[in-house]
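Visitor: Structure incoming, see below.
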Amino acid sequence: MTFWHHFLFSDPPAFNKARCKVNNTTVVLGWFAPETKCCVDYFVLEVDMVKSSEYAVRRKKDRKFKRLYEGPAREYALYSVPYSVNIIARVYGMNPIGEGTPSEELVLSTPKGRLCIVRIPMITRRLPY
C-alpha cells in the first residue's frame with residue numbers, strides 16, 4: 001500500500017443501518033459514502049452467506065465473500081435469499097489507484113426456515129350399498 005493509496009482512501013464507507021433490513025427472503029443493504037467523499041469512482045459490495053447454524057463456528061478468516069455489485073448506487077437488494085441464513089456484507093470504494101478500506105462487516109439474518117405441513121382433509125362419504 002503506497003502513501004497515496006492511504007491518503008486517497010482515508011475513510012471507508014459505512015452501512016446505513018436505517019436502510020438495511022430483512023423482509024422475509026428479501027435483504028436490502030444501504031450504505032453511506034466515505035465522510036471525505038473524495039476519489040471514490042464506484043462502490044463494491046461483497047457478501048458471504050452462512051447457514052445460521054454454522055455462523056457461530058465459522059471463523060472470520062474462513063469467510064468466502066462474493067462480489068455482488070459494482071457501481072455508483074448506494075443501495076442493493078437481494079431477492080429469494082434462503083431461510084435460516086446469516087448474510088455478512090462489506091462495501092468499499094474503488095478508483096484508478098485500487099480498492100479502498102472495506103467497511104465494518106454487517107450481519108443480517110433471514111427468518112428461521114418454516115416447516116411446511118400439508119394437511120389433507122379427511123373426506124368421508126357414504127358408499128351406496
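Each chain in the C-alpha cells gets a letter, A, B and so on, in the order shown; residues start at 1 in every chain, and ligands are counted from 1 in the order they appear.
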At a cut-off of 10 Å, using only C-alpha atoms, what residues contact A:Lys17? Leave out same-chain residues fewer than 6 positions from it and give the result as a list of chain:residue names.
Guide: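 Everything that qualifies: A:Leu29, A:Gly30, A:Trp31, A:Phe32, A:Leu106.
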Visitor: If you run DSSP on this backbone, which residues of stretch 15-110 of chain A come out as helix (DSSP H, G or I), and could you give them as a list of chain:residue names?
Guide: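 Restricting stretch 15-110 of chain A to helix (DSSP H, G or I) produces A:Ser52, A:Ser53, A:Glu54, A:Tyr55, A:Lys60, A:Lys61, A:Asp62.
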Visitor: Which residues come within 7 Å of A:Leu68, counting only C-alpha atoms, excluding same-chain residues fewer than 6 positions away, as a PyMOL selection string?
Guide: chain A and resi 45-47
Visitor: Put those residues in a file: N, CA, C and O atoms, as a short mmCIF file (atom, residue, chain, number, x, y, z; two decimals), in the first residue's frame.
Guide:
data_model
loop_
_atom_site.label_atom_id
_atom_site.label_comp_id
_atom_site.auth_asym_id
_atom_site.auth_seq_id
_atom_site.Cartn_x
_atom_site.Cartn_y
_atom_site.Cartn_z
N LEU A 45 -19.81 -4.09 -3.44
CA LEU A 45 -20.49 -4.77 -2.34
C LEU A 45 -20.15 -6.25 -2.42
O LEU A 45 -20.31 -6.87 -3.48
N GLU A 46 -19.67 -6.79 -1.31
CA GLU A 46 -19.36 -8.22 -1.23
C GLU A 46 -20.17 -8.84 -0.10
O GLU A 46 -20.39 -8.21 0.93
N VAL A 47 -20.62 -10.08 -0.32
CA VAL A 47 -21.48 -10.76 0.64
C VAL A 47 -21.02 -12.21 0.81
O VAL A 47 -20.61 -12.85 -0.16
#
Visitor: Within 12 Å of A:Arg74, counting only C-alpha atoms, which residues qualify if same-chain residues fewer than 4 places away don't, as a list in words?
Guide: Pro13, Ala14, Phe15, Asn16, Arg19, Cys20, Val28, Leu29, Gly30, Trp31, Phe32, Ala33, Pro34, Tyr42, Phe43, Val44, Leu45, Tyr69, Glu70, Val91, Tyr92 and Gly93 of chain A
Visitor: Write out as a compact mmCIF listing (two decimals) with C-alpha atoms, in the first residue's frame the residues lying within 8 Å of stretch 76-86 of chain A, counting only C-alpha atoms and excluding same-chain residues fewer than 6 positions away.
Guide:
# COMPACT_ATOMS: atom_id res chain seq x y z
CA ASN A 24 -38.84 -12.46 4.73
CA THR A 25 -36.42 -13.55 1.96
CA THR A 26 -35.55 -10.07 0.66
CA VAL A 27 -32.50 -8.30 2.06
CA VAL A 28 -31.86 -4.59 1.42
CA LEU A 29 -28.39 -3.16 2.04
CA GLY A 30 -27.70 0.57 2.02
CA MET A 49 -23.93 -16.25 3.20
CA VAL A 50 -23.66 -18.75 6.02
CA LYS A 51 -26.30 -21.07 7.44
CA SER A 52 -27.40 -19.71 10.78
CA SER A 53 -26.46 -22.99 12.45
CA TYR A 55 -22.35 -18.94 11.77
CA TYR A 69 -22.40 -5.26 -7.05
CA VAL A 107 -24.56 -9.24 9.68
CA LEU A 108 -28.25 -9.69 8.92
CA SER A 109 -30.31 -12.86 9.33
CA THR A 110 -33.25 -14.21 7.37
CA PRO A 111 -36.07 -15.80 9.39
CA LYS A 112 -35.78 -19.39 10.50
CA GLY A 113 -36.99 -21.86 7.93
CA ARG A 114 -40.57 -22.86 8.15
Visitor: Apply DSSP to the backbone of this structure and, from stretch 1-121 of chain A, keep only the residues in strand (DSSP E); write these as a PyMOL selection string.
Guide: chain A and resi 14-15+21-23+26-32+42-51+66-71+75-78+85-95+98-99+106-109
Visitor: Restricting the output to C-alpha atoms, write the selected residues as a PDB file, in the first residue's frame.
Guide:
ATOM      1  CA  ALA A  14     -20.370   2.822   6.384  1.00  0.00           C
ATOM      2  CA  PHE A  15     -23.613   0.878   6.315  1.00  0.00           C
ATOM      3  CA  LYS A  21     -33.335  -4.639   6.572  1.00  0.00           C
ATOM      4  CA  VAL A  22     -34.667  -8.134   6.048  1.00  0.00           C
ATOM      5  CA  ASN A  23     -38.217  -8.713   4.889  1.00  0.00           C
ATOM      6  CA  THR A  26     -35.547 -10.068   0.660  1.00  0.00           C
ATOM      7  CA  VAL A  27     -32.496  -8.296   2.063  1.00  0.00           C
ATOM      8  CA  VAL A  28     -31.860  -4.588   1.423  1.00  0.00           C
ATOM      9  CA  LEU A  29     -28.388  -3.163   2.041  1.00  0.00           C
ATOM     10  CA  GLY A  30     -27.701   0.574   2.024  1.00  0.00           C
ATOM     11  CA  TRP A  31     -24.515   2.479   2.769  1.00  0.00           C
ATOM     12  CA  PHE A  32     -23.109   5.970   3.137  1.00  0.00           C
ATOM     13  CA  TYR A  42     -17.798   3.495  -7.589  1.00  0.00           C
ATOM     14  CA  PHE A  43     -18.614   1.068  -4.786  1.00  0.00           C
ATOM     15  CA  VAL A  44     -18.139  -2.687  -4.496  1.00  0.00           C
ATOM     16  CA  LEU A  45     -20.488  -4.772  -2.338  1.00  0.00           C
ATOM     17  CA  GLU A  46     -19.362  -8.217  -1.229  1.00  0.00           C
ATOM     18  CA  VAL A  47     -21.479 -10.763   0.645  1.00  0.00           C
ATOM     19  CA  ASP A  48     -20.895 -14.113   2.344  1.00  0.00           C
ATOM     20  CA  MET A  49     -23.929 -16.247   3.200  1.00  0.00           C
ATOM     21  CA  VAL A  50     -23.657 -18.753   6.018  1.00  0.00           C
ATOM     22  CA  LYS A  51     -26.297 -21.074   7.436  1.00  0.00           C
ATOM     23  CA  LYS A  66     -18.629 -12.897  -3.386  1.00  0.00           C
ATOM     24  CA  ARG A  67     -18.785  -9.648  -5.298  1.00  0.00           C
ATOM     25  CA  LEU A  68     -22.450  -8.857  -5.928  1.00  0.00           C
ATOM     26  CA  TYR A  69     -22.399  -5.260  -7.048  1.00  0.00           C
ATOM     27  CA  GLU A  70     -20.090  -2.685  -8.627  1.00  0.00           C
ATOM     28  CA  GLY A  71     -21.441   0.765  -9.365  1.00  0.00           C
ATOM     29  CA  GLU A  75     -28.264   0.565  -2.102  1.00  0.00           C
ATOM     30  CA  TYR A  76     -28.640  -3.019  -3.243  1.00  0.00           C
ATOM     31  CA  ALA A  77     -31.369  -5.631  -2.753  1.00  0.00           C
ATOM     32  CA  LEU A  78     -31.006  -9.401  -2.641  1.00  0.00           C
ATOM     33  CA  VAL A  85     -29.111 -17.732   6.638  1.00  0.00           C
ATOM     34  CA  ASN A  86     -26.788 -15.059   8.009  1.00  0.00           C
ATOM     35  CA  ILE A  87     -25.718 -12.505   5.417  1.00  0.00           C
ATOM     36  CA  ILE A  88     -22.311 -10.963   6.121  1.00  0.00           C
ATOM     37  CA  ALA A  89     -21.757  -7.867   3.992  1.00  0.00           C
ATOM     38  CA  ARG A  90     -18.988  -5.352   3.433  1.00  0.00           C
ATOM     39  CA  VAL A  91     -18.585  -2.465   0.996  1.00  0.00           C
ATOM     40  CA  TYR A  92     -15.603  -0.466  -0.213  1.00  0.00           C
ATOM     41  CA  GLY A  93     -14.810   2.309  -2.658  1.00  0.00           C
ATOM     42  CA  MET A  94     -12.825   1.936  -5.877  1.00  0.00           C
ATOM     43  CA  ASN A  95     -10.854   4.350  -8.052  1.00  0.00           C
ATOM     44  CA  GLY A  98      -7.309   0.486  -6.469  1.00  0.00           C
ATOM     45  CA  GLU A  99      -9.699  -0.575  -3.749  1.00  0.00           C
ATOM     46  CA  LEU A 106     -22.713  -6.035   8.738  1.00  0.00           C
ATOM     47  CA  VAL A 107     -24.557  -9.238   9.683  1.00  0.00           C
ATOM     48  CA  LEU A 108     -28.254  -9.685   8.920  1.00  0.00           C
ATOM     49  CA  SER A 109     -30.314 -12.857   9.325  1.00  0.00           C
TER      50      SER A 109
END
